[in-house]
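Undergrad: My structure file final-v4.csv, CSV, C-alpha atoms, is below:
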chain,number,residue,atom,x,y,z
B,181,MET,CA,-46.1,-11.8,39.6
B,182,LYS,CA,-47.1,-12.6,36.0
B,183,MET,CA,-46.1,-11.1,32.6
B,184,ASN,CA,-47.3,-11.4,29.0
B,185,ALA,CA,-45.1,-13.3,26.6
B,186,ILE,CA,-45.2,-14.9,23.2
B,187,CYS,CA,-44.8,-18.7,23.2
B,188,PHE,CA,-44.8,-20.9,20.2
B,189,VAL,CA,-47.2,-23.8,19.7
B,190,LYS,CA,-46.7,-25.9,16.6
B,191,ALA,CA,-44.5,-23.1,15.3
B,192,LYS,CA,-47.3,-20.5,15.7
B,193,PRO,CA,-47.1,-17.5,18.1
B,194,ARG,CA,-49.5,-17.3,21.0
B,195,VAL,CA,-49.8,-14.8,23.8
B,196,ILE,CA,-49.8,-16.3,27.3
B,197,GLN,CA,-49.2,-15.2,30.8
B,198,THR,CA,-46.2,-16.6,32.6
B,199,ASP,CA,-44.1,-15.9,35.7
B,200,LYS,CA,-42.1,-12.7,35.6
B,201,PRO,CA,-38.4,-13.5,36.1
B,202,THR,CA,-36.4,-12.5,39.1
B,203,PRO,CA,-32.8,-11.4,38.6
B,204,LYS,CA,-29.9,-13.3,40.3
B,205,GLU,CA,-27.2,-11.4,42.1
B,206,ASP,CA,-25.2,-10.7,39.0
B,207,GLU,CA,-28.2,-10.1,36.7
B,208,ILE,CA,-30.4,-7.2,35.6
B,209,LEU,CA,-34.2,-7.3,35.1
B,210,VAL,CA,-35.0,-5.5,31.8
B,211,LYS,CA,-38.5,-4.3,30.9
B,212,VAL,CA,-38.5,-4.9,27.2
B,213,HIS,CA,-39.7,-2.1,24.9
B,214,TYR,CA,-38.6,-3.6,21.5
B,215,SER,CA,-37.4,-6.8,20.1
B,216,ALA,CA,-36.4,-7.8,16.6
B,217,LEU,CA,-36.7,-11.0,14.6
B,218,ASP,CA,-33.8,-12.9,13.0
B,219,THR,CA,-33.1,-16.1,11.1
B,220,ALA,CA,-32.5,-18.1,14.3
B,221,LEU,CA,-36.2,-18.1,15.1
B,222,GLU,CA,-37.4,-20.5,12.4
B,223,PRO,CA,-35.1,-23.4,13.2
B,224,VAL,CA,-36.0,-23.1,16.9
B,225,ILE,CA,-39.7,-23.1,16.5
B,226,GLN,CA,-39.4,-25.9,13.9
B,227,LYS,CA,-37.3,-27.8,16.4
B,228,THR,CA,-34.4,-28.6,14.1
B,229,PHE,CA,-31.0,-29.7,15.1
B,230,ILE,CA,-29.6,-26.2,14.5
B,231,GLY,CA,-32.4,-24.7,16.5
B,232,GLY,CA,-31.5,-26.9,19.5
B,233,MET,CA,-28.0,-25.3,19.4
B,234,VAL,CA,-29.3,-21.7,19.8
B,235,HIS,CA,-32.2,-22.3,22.2
B,236,LYS,CA,-33.3,-25.0,24.7
B,237,ARG,CA,-36.3,-27.0,23.7
B,238,THR,CA,-38.8,-26.0,26.3
B,239,ASP,CA,-42.5,-26.2,26.8
B,240,PRO,CA,-43.8,-23.6,26.7
B,241,LEU,CA,-41.3,-22.3,24.2
B,242,PHE,CA,-40.3,-18.6,24.5
B,243,CYS,CA,-38.2,-17.1,21.8
B,244,GLY,CA,-36.6,-13.9,20.6
B,245,TRP,CA,-33.0,-12.7,21.4
B,246,HIS,CA,-32.7,-9.0,20.5
B,247,PHE,CA,-34.0,-6.4,23.0
B,248,SER,CA,-34.0,-2.8,24.1
B,249,GLY,CA,-35.7,-1.6,27.2
B,250,VAL,CA,-35.3,-0.1,30.7
B,251,VAL,CA,-33.6,-1.5,33.8
B,252,GLU,CA,-36.3,-2.3,36.3
B,253,GLU,CA,-34.3,-4.2,39.0
B,254,VAL,CA,-30.6,-5.0,39.6
B,255,GLY,CA,-29.0,-7.9,41.5
B,256,SER,CA,-27.1,-7.3,44.7
B,257,LYS,CA,-23.7,-7.6,42.9
B,258,VAL,CA,-24.5,-5.3,40.0
B,259,SER,CA,-22.9,-1.8,40.5
B,260,ASP,CA,-22.7,-0.4,36.9
B,261,PHE,CA,-26.4,-0.2,36.1
B,262,GLN,CA,-29.2,1.6,37.9
B,263,CYS,CA,-33.0,1.3,37.7
B,264,GLY,CA,-34.5,3.5,34.9
B,265,ILE,CA,-31.5,3.4,32.6
B,266,GLU,CA,-32.2,2.6,28.9
B,267,VAL,CA,-30.3,-0.5,27.7
B,268,PHE,CA,-30.0,-2.9,24.8
B,269,GLY,CA,-28.5,-6.2,24.0
B,270,HIS,CA,-29.3,-9.8,23.1
B,271,LEU,CA,-29.8,-13.0,24.9
B,272,PRO,CA,-27.3,-15.8,24.4
B,273,TYR,CA,-27.6,-18.1,21.4
B,274,SER,CA,-27.2,-21.2,23.4
B,275,SER,CA,-28.7,-24.6,24.0
B,276,SER,CA,-29.2,-23.5,27.6
B,277,THR,CA,-31.2,-20.4,26.8
B,278,THR,CA,-34.8,-20.7,28.0
B,279,GLN,CA,-36.0,-17.0,27.9
B,280,GLY,CA,-37.3,-15.1,25.0
B,281,SER,CA,-37.2,-11.3,24.4
B,282,LEU,CA,-40.7,-11.5,22.9
B,283,SER,CA,-41.8,-11.0,26.5
B,284,GLU,CA,-42.4,-8.1,28.8
B,285,TYR,CA,-39.3,-8.9,30.9
B,286,VAL,CA,-36.0,-10.7,30.6
B,287,THR,CA,-33.1,-11.2,33.0
B,288,VAL,CA,-29.6,-10.5,31.6
B,289,LYS,CA,-26.0,-10.8,33.0
B,290,SER,CA,-24.7,-7.4,33.7
B,291,ASP,CA,-21.7,-7.9,31.3
B,292,ALA,CA,-24.0,-8.9,28.4
B,293,LEU,CA,-25.8,-5.6,27.7
B,294,ALA,CA,-25.0,-1.9,27.4
B,295,VAL,CA,-26.5,1.5,27.9
B,296,LYS,CA,-28.4,2.9,25.0
B,297,LEU,CA,-27.4,6.5,24.1
B,298,LYS,CA,-30.2,9.1,23.9
B,299,SER,CA,-29.5,9.9,20.3
B,300,VAL,CA,-30.4,6.3,19.2
B,301,GLU,CA,-34.1,5.3,19.3
B,302,MET,CA,-35.3,2.2,21.1
B,303,ASP,CA,-36.4,0.4,17.9
B,304,MET,CA,-33.1,1.0,16.3
B,305,ALA,CA,-31.2,-0.2,19.4
B,306,ALA,CA,-33.2,-3.5,19.3
B,307,ALA,CA,-32.4,-3.9,15.6
B,308,SER,CA,-28.6,-3.4,16.2
B,309,THR,CA,-27.5,-6.3,18.4
B,310,THR,CA,-26.8,-9.8,17.0
B,311,GLU,CA,-25.9,-8.8,13.4
B,312,PRO,CA,-23.3,-6.2,14.0
B,313,LEU,CA,-21.8,-8.2,16.9
B,314,THR,CA,-21.6,-11.2,14.7
B,315,ALA,CA,-19.8,-9.2,12.0
B,316,LEU,CA,-17.4,-7.5,14.5
B,317,GLN,CA,-16.5,-10.7,16.3
B,318,ALA,CA,-16.0,-12.6,13.1
B,319,LEU,CA,-13.7,-10.0,11.5
B,320,ARG,CA,-11.8,-8.7,14.6
B,321,ASP,CA,-11.7,-11.7,17.0
B,322,ILE,CA,-11.8,-14.8,14.8
B,323,GLY,CA,-10.5,-13.3,11.6
B,324,LYS,CA,-7.7,-11.3,13.3
B,325,LEU,CA,-8.2,-8.6,10.8
B,326,PRO,CA,-5.2,-6.2,10.6
B,327,LYS,CA,-5.9,-2.8,12.1
B,328,GLN,CA,-5.2,-1.1,8.7
B,329,GLY,CA,-4.7,-2.2,5.2
B,330,GLY,CA,-6.6,-5.5,5.3
B,331,HIS,CA,-8.7,-7.0,2.5
B,332,VAL,CA,-12.0,-8.8,3.3
B,333,LEU,CA,-14.3,-10.8,1.1
B,334,ILE,CA,-17.9,-10.8,2.3
B,335,ASN,CA,-20.3,-13.2,0.8
B,336,GLY,CA,-24.0,-12.2,1.3
B,337,ALA,CA,-23.0,-8.6,1.7
B,338,GLY,CA,-26.6,-7.4,1.1
B,339,GLY,CA,-28.0,-9.3,4.1
B,340,GLN,CA,-28.3,-8.2,7.7
B,341,VAL,CA,-25.0,-9.6,8.9
B,342,GLY,CA,-23.2,-9.0,5.6
B,343,SER,CA,-24.2,-5.3,5.4
B,344,CYS,CA,-22.9,-4.8,8.9
B,345,ALA,CA,-19.7,-6.6,8.0
B,346,VAL,CA,-19.1,-4.3,5.0
B,347,GLN,CA,-19.4,-1.2,7.2
B,348,ILE,CA,-17.4,-2.6,10.1
B,349,ALA,CA,-14.6,-3.8,7.9
B,350,LYS,CA,-14.4,-0.3,6.4
B,351,VAL,CA,-14.3,1.3,9.8
B,352,LEU,CA,-11.5,-1.1,10.8
B,353,GLY,CA,-9.4,0.1,7.9
B,354,SER,CA,-9.9,-2.7,5.4
B,355,LYS,CA,-10.8,-2.9,1.8
B,356,VAL,CA,-13.9,-4.9,1.0
B,357,THR,CA,-14.8,-7.1,-1.9
B,358,ALA,CA,-18.5,-8.0,-1.7
B,359,ILE,CA,-20.7,-10.7,-3.2
B,360,CYS,CA,-24.4,-10.0,-3.3
B,361,SER,CA,-27.5,-10.2,-5.4
B,362,THR,CA,-28.4,-7.7,-8.1
B,363,LYS,CA,-31.0,-5.9,-5.9
B,364,ASP,CA,-28.3,-5.1,-3.3
B,365,THR,CA,-25.3,-4.0,-5.5
B,366,ASP,CA,-26.1,-0.3,-5.2
B,367,LYS,CA,-26.6,-0.5,-1.4
B,368,VAL,CA,-23.4,-2.4,-0.8
B,369,THR,CA,-21.4,0.0,-2.9
B,370,GLU,CA,-22.9,2.9,-0.9
B,371,LEU,CA,-22.0,1.1,2.4
B,372,GLY,CA,-18.3,1.1,1.4
B,373,ALA,CA,-17.4,-2.0,-0.7
B,374,THR,CA,-14.6,-1.3,-3.1
B,375,THR,CA,-15.5,-4.2,-5.4
B,376,VAL,CA,-19.0,-5.6,-5.8
B,377,ILE,CA,-19.6,-9.0,-7.5
B,378,ASP,CA,-23.2,-9.5,-8.6
B,379,ARG,CA,-23.8,-13.2,-8.0
B,380,LYS,CA,-26.9,-13.3,-10.2
B,381,LYS,CA,-24.9,-12.1,-13.2
B,382,THR,CA,-21.6,-13.8,-12.5
B,383,PRO,CA,-21.6,-17.6,-13.3
B,384,ASP,CA,-18.0,-18.1,-12.1
B,385,ILE,CA,-17.7,-16.1,-8.9
B,386,LEU,CA,-14.4,-17.7,-7.8
B,387,GLY,CA,-13.0,-16.8,-11.2
B,388,GLN,CA,-13.2,-13.2,-10.2
B,389,LEU,CA,-10.9,-13.7,-7.3
B,390,GLU,CA,-7.1,-13.9,-7.0
B,391,PRO,CA,-5.3,-16.6,-5.0
B,392,GLY,CA,-3.9,-15.3,-1.8
B,393,GLU,CA,-5.9,-12.1,-2.0
B,394,PHE,CA,-7.8,-11.9,1.4
B,395,ASP,CA,-7.0,-11.6,5.1
B,396,VAL,CA,-10.5,-12.7,5.9
B,397,ILE,CA,-13.3,-14.4,4.0
B,398,PHE,CA,-16.6,-14.0,5.8
B,399,ASP,CA,-19.2,-16.3,4.3
B,400,THR,CA,-22.4,-15.0,6.0
B,401,PRO,CA,-24.9,-17.4,4.4
B,402,GLY,CA,-22.5,-20.3,4.6
B,403,LYS,CA,-22.8,-21.2,1.0
B,404,LEU,CA,-19.2,-21.2,-0.2
B,405,SER,CA,-17.1,-24.3,-0.3
B,406,ALA,CA,-14.5,-24.2,2.4
B,407,ARG,CA,-12.3,-26.5,0.4
B,408,LYS,CA,-12.3,-24.3,-2.7
B,409,ILE,CA,-12.3,-20.9,-1.1
B,410,SER,CA,-9.2,-21.4,1.1
B,411,LYS,CA,-6.8,-20.9,-1.8
B,412,PHE,CA,-7.9,-17.3,-1.9
B,413,LEU,CA,-6.8,-16.6,1.6
B,414,LYS,CA,-3.4,-14.9,2.4
B,415,PRO,CA,-0.9,-17.2,4.1
B,416,LYS,CA,-2.4,-16.5,7.5
B,417,GLY,CA,-5.9,-15.8,6.3
B,418,VAL,CA,-9.1,-17.0,8.0
B,419,TYR,CA,-12.3,-18.2,6.5
B,420,VAL,CA,-15.2,-17.6,8.8
B,421,ASN,CA,-18.6,-19.2,8.5
B,422,PRO,CA,-21.5,-18.7,10.9
B,423,SER,CA,-23.6,-21.7,9.7
B,424,PRO,CA,-22.1,-24.0,7.1
B,425,ASP,CA,-24.6,-25.1,4.5
B,426,ASP,CA,-22.4,-28.2,3.8
B,427,MET,CA,-20.9,-29.4,7.1
B,428,LEU,CA,-18.9,-32.2,5.4
B,429,ASP,CA,-17.3,-29.8,3.0
B,430,PHE,CA,-16.6,-27.4,5.9
B,431,LEU,CA,-14.9,-30.2,7.9
B,432,LEU,CA,-12.8,-31.2,4.9
B,433,GLY,CA,-11.8,-27.6,4.5
B,434,LYS,CA,-10.6,-27.6,8.1
B,435,LEU,CA,-8.7,-30.8,7.5
B,436,PHE,CA,-7.0,-29.5,4.4
B,437,THR,CA,-5.7,-26.4,6.3
B,438,LEU,CA,-4.8,-28.4,9.4
B,439,PHE,CA,-1.0,-28.1,8.7
B,440,SER,CA,-1.3,-24.6,7.3
B,441,PRO,CA,-1.2,-21.2,8.9
B,442,LYS,CA,-4.6,-20.6,7.2
B,443,SER,CA,-7.7,-21.4,9.2
B,444,ILE,CA,-11.3,-22.4,8.7
B,445,SER,CA,-13.6,-21.3,11.6
B,446,MET,CA,-17.1,-21.0,12.7
B,447,ILE,CA,-18.6,-18.3,14.8
B,448,MET,CA,-21.3,-18.2,17.4
B,449,VAL,CA,-21.9,-14.6,18.5
B,450,GLU,CA,-21.6,-13.8,22.2
B,451,PRO,CA,-23.3,-10.9,24.0
B,452,LYS,CA,-20.5,-8.7,25.3
B,453,LYS,CA,-20.9,-5.3,26.9
B,454,ALA,CA,-17.8,-3.7,25.3
B,455,ASP,CA,-19.0,-4.8,21.8
B,456,PHE,CA,-22.5,-3.4,22.4
B,457,GLU,CA,-20.9,-0.1,23.5
B,458,GLN,CA,-18.8,0.0,20.3
B,459,VAL,CA,-21.8,-0.6,18.1
B,460,MET,CA,-23.8,2.1,19.9
B,461,GLN,CA,-20.9,4.5,19.3
B,462,TRP,CA,-20.9,3.7,15.6
B,463,LEU,CA,-24.6,4.2,15.4
B,464,GLU,CA,-24.3,7.6,17.1
B,465,ASP,CA,-21.5,8.8,14.8
B,466,SER,CA,-23.2,7.3,11.7
B,467,SER,CA,-20.3,4.9,11.0
B,468,LEU,CA,-22.9,2.1,11.1
B,469,ARG,CA,-26.3,2.1,9.3
B,470,ILE,CA,-29.0,-0.4,10.2
B,471,ASP,CA,-32.1,-0.4,8.0
B,472,ILE,CA,-35.5,-1.1,9.6
B,473,ASP,CA,-38.0,-2.6,7.3
B,474,SER,CA,-41.1,-2.5,9.5
B,475,VAL,CA,-42.3,-2.3,13.1
B,476,HIS,CA,-45.1,-4.6,14.4
B,477,ASP,CA,-47.0,-4.7,17.7
B,478,ILE,CA,-46.2,-7.9,19.4
B,479,LYS,CA,-49.9,-8.9,19.3
B,480,ASN,CA,-49.3,-9.1,15.5
B,481,CYS,CA,-46.2,-11.3,15.8
B,482,ALA,CA,-47.5,-13.7,13.1
B,483,ALA,CA,-47.5,-10.8,10.6
B,484,ALA,CA,-44.0,-9.8,11.7
B,485,MET,CA,-42.8,-13.4,11.2
B,486,GLU,CA,-44.4,-13.5,7.7
B,487,ARG,CA,-42.5,-10.3,6.8
B,488,GLN,CA,-39.3,-11.7,8.3
B,489,ASN,CA,-39.5,-14.6,5.9
B,490,ASP,CA,-40.3,-12.5,2.9
B,491,SER,CA,-36.7,-12.2,1.8
B,492,SER,CA,-37.4,-11.0,-1.7
B,493,ASN,CA,-39.3,-7.9,-0.5
B,494,LYS,CA,-37.9,-7.2,3.0
B,495,LYS,CA,-35.5,-4.2,3.1
B,496,GLY,CA,-34.1,-4.4,6.6
B,497,ARG,CA,-34.8,-5.5,10.1
B,498,VAL,CA,-38.2,-6.6,11.2
B,499,VAL,CA,-38.8,-5.0,14.7
B,500,VAL,CA,-41.4,-6.0,17.3
B,501,LYS,CA,-42.9,-3.4,19.7
B,502,VAL,CA,-43.3,-5.2,23.0
B,503,GLU,CA,-44.1,-2.3,25.4
B,504,GLY,CA,-47.7,-1.4,24.9
B,505,GLY,CA,-47.9,-3.9,22.0
B,506,PHE,CA,-49.8,-6.7,23.6
Please rewrite the model in this file as structure tokens.
TA:
Amino acid sequence: MKMNAICFVKAKPRVIQTDKPTPKEDEILVKVHYSALDTALEPVIQKTFIGGMVHKRTDPLFCGWHFSGVVEEVGSKVSDFQCGIEVFGHLPYSSSTTQGSLSEYVTVKSDALAVKLKSVEMDMAAASTTEPLTALQALRDIGKLPKQGGHVLINGAGGQVGSCAVQIAKVLGSKVTAICSTKDTDKVTELGATTVIDRKKTPDILGQLEPGEFDVIFDTPGKLSARKISKFLKPKGVYVNPSPDDMLDFLLGKLFTLFSPKSISMIMVEPKKADFEQVMQWLEDSSLRIDIDSVHDIKNCAAAMERQNDSSNKKGRVVVKVEGGF
């Protein structure tokens, strides 16, 4: 059988028909209702080195990671999901990933998605996968954030990952110092940051910090110097960077902390059922707020991509309606 999907030709979206995937024995076939765009798309369709790390270079090239939808078929070894259940998750950010959620169907490992609660809308579920999981795994798993009384520095706190990190750090019992641009200071304060540093109005950001102050420094845009920032970590503190802007500096930072209890680490988010379930619970009890900027039919994917790249005006997640959107 065939399905509709978006493929990318010379970095431009095009609707084509391709084979509908068949789930393996440990997989679930999901009929996608919504997807959402993120910053990984551009390097993949531009075929950069970083892009090759988060998606395999295929022809045709199918992209998209976030999804919400309905279980249509389950593999023979899947027992915890049934057909008709509403689910959400994201595909792996991996050099072996060949699928894209900008398609009518995707197949997913049964431990890499979760049930969507009825109180959370489908579009919101699709918008709430990669970014909160990145923040949660960076703070809890890599950063080893204390269960109570920690102190976190979040750079890029107004962005999609950063705003999730502010809220999750607060839920986990930590105090948050946030760095963001002027337009985001009020929002970041509202989300729970104790101290907000306006990077546009603060020439010497590091001068506002105290040595040994933070359990975790989460540098969401990867712009801070790993060499310079490590002195602001507590003795066993962790600096976490999803995508270093200066890889040489990052590696030097790791070298300088090699014989120290401090650590300099990267993160590549992993789709985990338990983490999706935690995010869904936070969405339901309003501990976590995800802003949606706009929703676009998938046939208008080019317009959605243009909005995604409009960082000065965009005010949240750009969501794509797949079901009925072709």
Undergrad: Between CA of Ala454 in chain B and CA of His476 in chain B, what distance in Å does the model show, to one decimal?
TA: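 Interatomic distance, CA of Ala454 in chain B to CA of His476 in chain B: 29.4 Å.
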Undergrad: Taking all atoms listed in the file into account, which of B:Ile409, B:Val449, B:Gly353, B:Pro193 comes nearest Ser423 in chain B?
TA: B:Val449
Undergrad: For a test of reading the model, state the distance in Å between CA of Gly232 in chain B and CA of Gly323 in chain B, rounded to one decimal.
TA: 26.2 Å
Undergrad: Give me the residues within 7 Å of Leu282 in chain B as JSON, numbers by chain, counting all atoms listed in the file and dropping any in the same chain fewer than 6 places off.
TA: {"B": [185, 186, 215, 243, 244, 502]}
Undergrad: For Phe261 in chain B, work out the shell of residues within 12 Å, counting all atoms listed in the file and skipping chain neighbours fewer than 2 positions away, then give it as a ChimeraX atom specification.
TA: /B:206-210,250-259,263-267,288-296,453
Undergrad: Please, what distance in Å, to one decimal, runs between CA of Glu205 in chain B and CA of Lys298 in chain B?
TA: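 Distance reported for this atom pair: 27.6 Å.
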Undergrad: Identify which of the residues B:Thr198, B:Thr362, B:Ser354, B:Gln340 lies closest to Asp473 in chain B, counting all atoms listed in the file when measuring atom-to-atom distances.
TA: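 Selected residue with least distance to Asp473 in chain B: B:Gln340.
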Undergrad: Taking only C-alpha atoms into account, which of B:Ala349, B:Met183, B:Val418, B:Leu468 comes nearest Gln197 in chain B?
TA: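 Nearest candidate to Gln197 in chain B out of B:Ala349, B:Met183, B:Val418, B:Leu468: B:Met183.
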Undergrad: Using all atoms listed in the file, which of B:Ile322, B:Ala373, B:Ala220, B:Met302 sits nearest Ser274 in chain B?
TA: B:Ala220
Undergrad: I want to know what sits within 12 Å of Met485 in chain B, based on all atoms listed in the file, with residues of the same chain fewer than 4 positions away left out; could you give that as a PDB file with C-alpha atoms, in the frame of the given file?
TA:
ATOM      1  CA  PHE B 188     -44.800 -20.900  20.200  1.00  0.00           C
ATOM      2  CA  ALA B 191     -44.500 -23.100  15.300  1.00  0.00           C
ATOM      3  CA  LYS B 192     -47.300 -20.500  15.700  1.00  0.00           C
ATOM      4  CA  PRO B 193     -47.100 -17.500  18.100  1.00  0.00           C
ATOM      5  CA  ALA B 216     -36.400  -7.800  16.600  1.00  0.00           C
ATOM      6  CA  LEU B 217     -36.700 -11.000  14.600  1.00  0.00           C
ATOM      7  CA  ASP B 218     -33.800 -12.900  13.000  1.00  0.00           C
ATOM      8  CA  THR B 219     -33.100 -16.100  11.100  1.00  0.00           C
ATOM      9  CA  ALA B 220     -32.500 -18.100  14.300  1.00  0.00           C
ATOM     10  CA  LEU B 221     -36.200 -18.100  15.100  1.00  0.00           C
ATOM     11  CA  GLU B 222     -37.400 -20.500  12.400  1.00  0.00           C
ATOM     12  CA  ILE B 225     -39.700 -23.100  16.500  1.00  0.00           C
ATOM     13  CA  GLY B 244     -36.600 -13.900  20.600  1.00  0.00           C
ATOM     14  CA  SER B 474     -41.100  -2.500   9.500  1.00  0.00           C
ATOM     15  CA  VAL B 475     -42.300  -2.300  13.100  1.00  0.00           C
ATOM     16  CA  HIS B 476     -45.100  -4.600  14.400  1.00  0.00           C
ATOM     17  CA  ASP B 477     -47.000  -4.700  17.700  1.00  0.00           C
ATOM     18  CA  ILE B 478     -46.200  -7.900  19.400  1.00  0.00           C
ATOM     19  CA  LYS B 479     -49.900  -8.900  19.300  1.00  0.00           C
ATOM     20  CA  ASN B 480     -49.300  -9.100  15.500  1.00  0.00           C
ATOM     21  CA  CYS B 481     -46.200 -11.300  15.800  1.00  0.00           C
ATOM     22  CA  ASN B 489     -39.500 -14.600   5.900  1.00  0.00           C
ATOM     23  CA  ASP B 490     -40.300 -12.500   2.900  1.00  0.00           C
ATOM     24  CA  SER B 491     -36.700 -12.200   1.800  1.00  0.00           C
ATOM     25  CA  LYS B 494     -37.900  -7.200   3.000  1.00  0.00           C
ATOM     26  CA  ARG B 497     -34.800  -5.500  10.100  1.00  0.00           C
ATOM     27  CA  VAL B 498     -38.200  -6.600  11.200  1.00  0.00           C
ATOM     28  CA  VAL B 499     -38.800  -5.000  14.700  1.00  0.00           C
ATOM     29  CA  VAL B 500     -41.400  -6.000  17.300  1.00  0.00           C
TER      30      VAL B 500
END
Undergrad: Since fewer atoms than expected are present, regenerate all heavy atoms for range 362-369 of chain B and write them as a compact mmCIF listing (two decimals), in the frame of the given file.
TA:
# COMPACT_ATOMS: atom_id res chain seq x y z
N THR B 362 -28.29 -8.90 -7.30
CA THR B 362 -28.40 -7.70 -8.10
C THR B 362 -29.13 -6.57 -7.36
O THR B 362 -28.71 -5.41 -7.42
CB THR B 362 -29.24 -8.02 -9.39
OG1 THR B 362 -28.62 -9.12 -10.06
CG2 THR B 362 -29.31 -6.83 -10.31
N LYS B 363 -30.17 -6.90 -6.61
CA LYS B 363 -31.00 -5.90 -5.90
C LYS B 363 -30.17 -5.13 -4.85
O LYS B 363 -30.57 -4.03 -4.42
CB LYS B 363 -32.22 -6.47 -5.33
CG LYS B 363 -32.00 -7.43 -4.17
CD LYS B 363 -33.31 -8.01 -3.66
CE LYS B 363 -33.11 -9.00 -2.52
NZ LYS B 363 -32.57 -8.37 -1.31
N ASP B 364 -29.05 -5.71 -4.42
CA ASP B 364 -28.30 -5.10 -3.30
C ASP B 364 -26.99 -4.45 -3.75
O ASP B 364 -26.27 -3.89 -2.90
CB ASP B 364 -27.96 -6.18 -2.27
CG ASP B 364 -29.19 -6.69 -1.55
OD1 ASP B 364 -30.06 -5.87 -1.23
OD2 ASP B 364 -29.28 -7.92 -1.31
N THR B 365 -26.66 -4.49 -5.05
CA THR B 365 -25.30 -4.00 -5.50
C THR B 365 -25.16 -2.49 -5.17
O THR B 365 -24.10 -2.09 -4.69
CB THR B 365 -25.11 -4.24 -6.97
OG1 THR B 365 -26.21 -3.68 -7.72
CG2 THR B 365 -25.00 -5.73 -7.27
N ASP B 366 -26.18 -1.69 -5.42
CA ASP B 366 -26.10 -0.30 -5.20
C ASP B 366 -25.91 0.02 -3.68
O ASP B 366 -25.08 0.84 -3.27
CB ASP B 366 -27.28 0.50 -5.72
CG ASP B 366 -27.31 0.55 -7.23
OD1 ASP B 366 -26.26 0.28 -7.86
OD2 ASP B 366 -28.39 0.85 -7.80
N LYS B 367 -26.71 -0.66 -2.86
CA LYS B 367 -26.60 -0.50 -1.40
C LYS B 367 -25.26 -0.83 -0.88
O LYS B 367 -24.66 -0.08 -0.08
CB LYS B 367 -27.70 -1.29 -0.70
CG LYS B 367 -27.67 -1.15 0.82
CD LYS B 367 -28.72 -2.01 1.51
CE LYS B 367 -28.25 -3.43 1.69
NZ LYS B 367 -29.15 -4.21 2.58
N VAL B 368 -24.73 -1.97 -1.31
CA VAL B 368 -23.40 -2.40 -0.80
C VAL B 368 -22.32 -1.50 -1.23
O VAL B 368 -21.39 -1.24 -0.46
CB VAL B 368 -23.20 -3.89 -1.29
CG1 VAL B 368 -21.77 -4.33 -1.00
CG2 VAL B 368 -24.18 -4.84 -0.61
N THR B 369 -22.41 -0.97 -2.44
CA THR B 369 -21.40 0.00 -2.90
C THR B 369 -21.50 1.26 -2.01
O THR B 369 -20.47 1.80 -1.57
CB THR B 369 -21.68 0.39 -4.35
OG1 THR B 369 -21.57 -0.78 -5.17
CG2 THR B 369 -20.67 1.43 -4.83
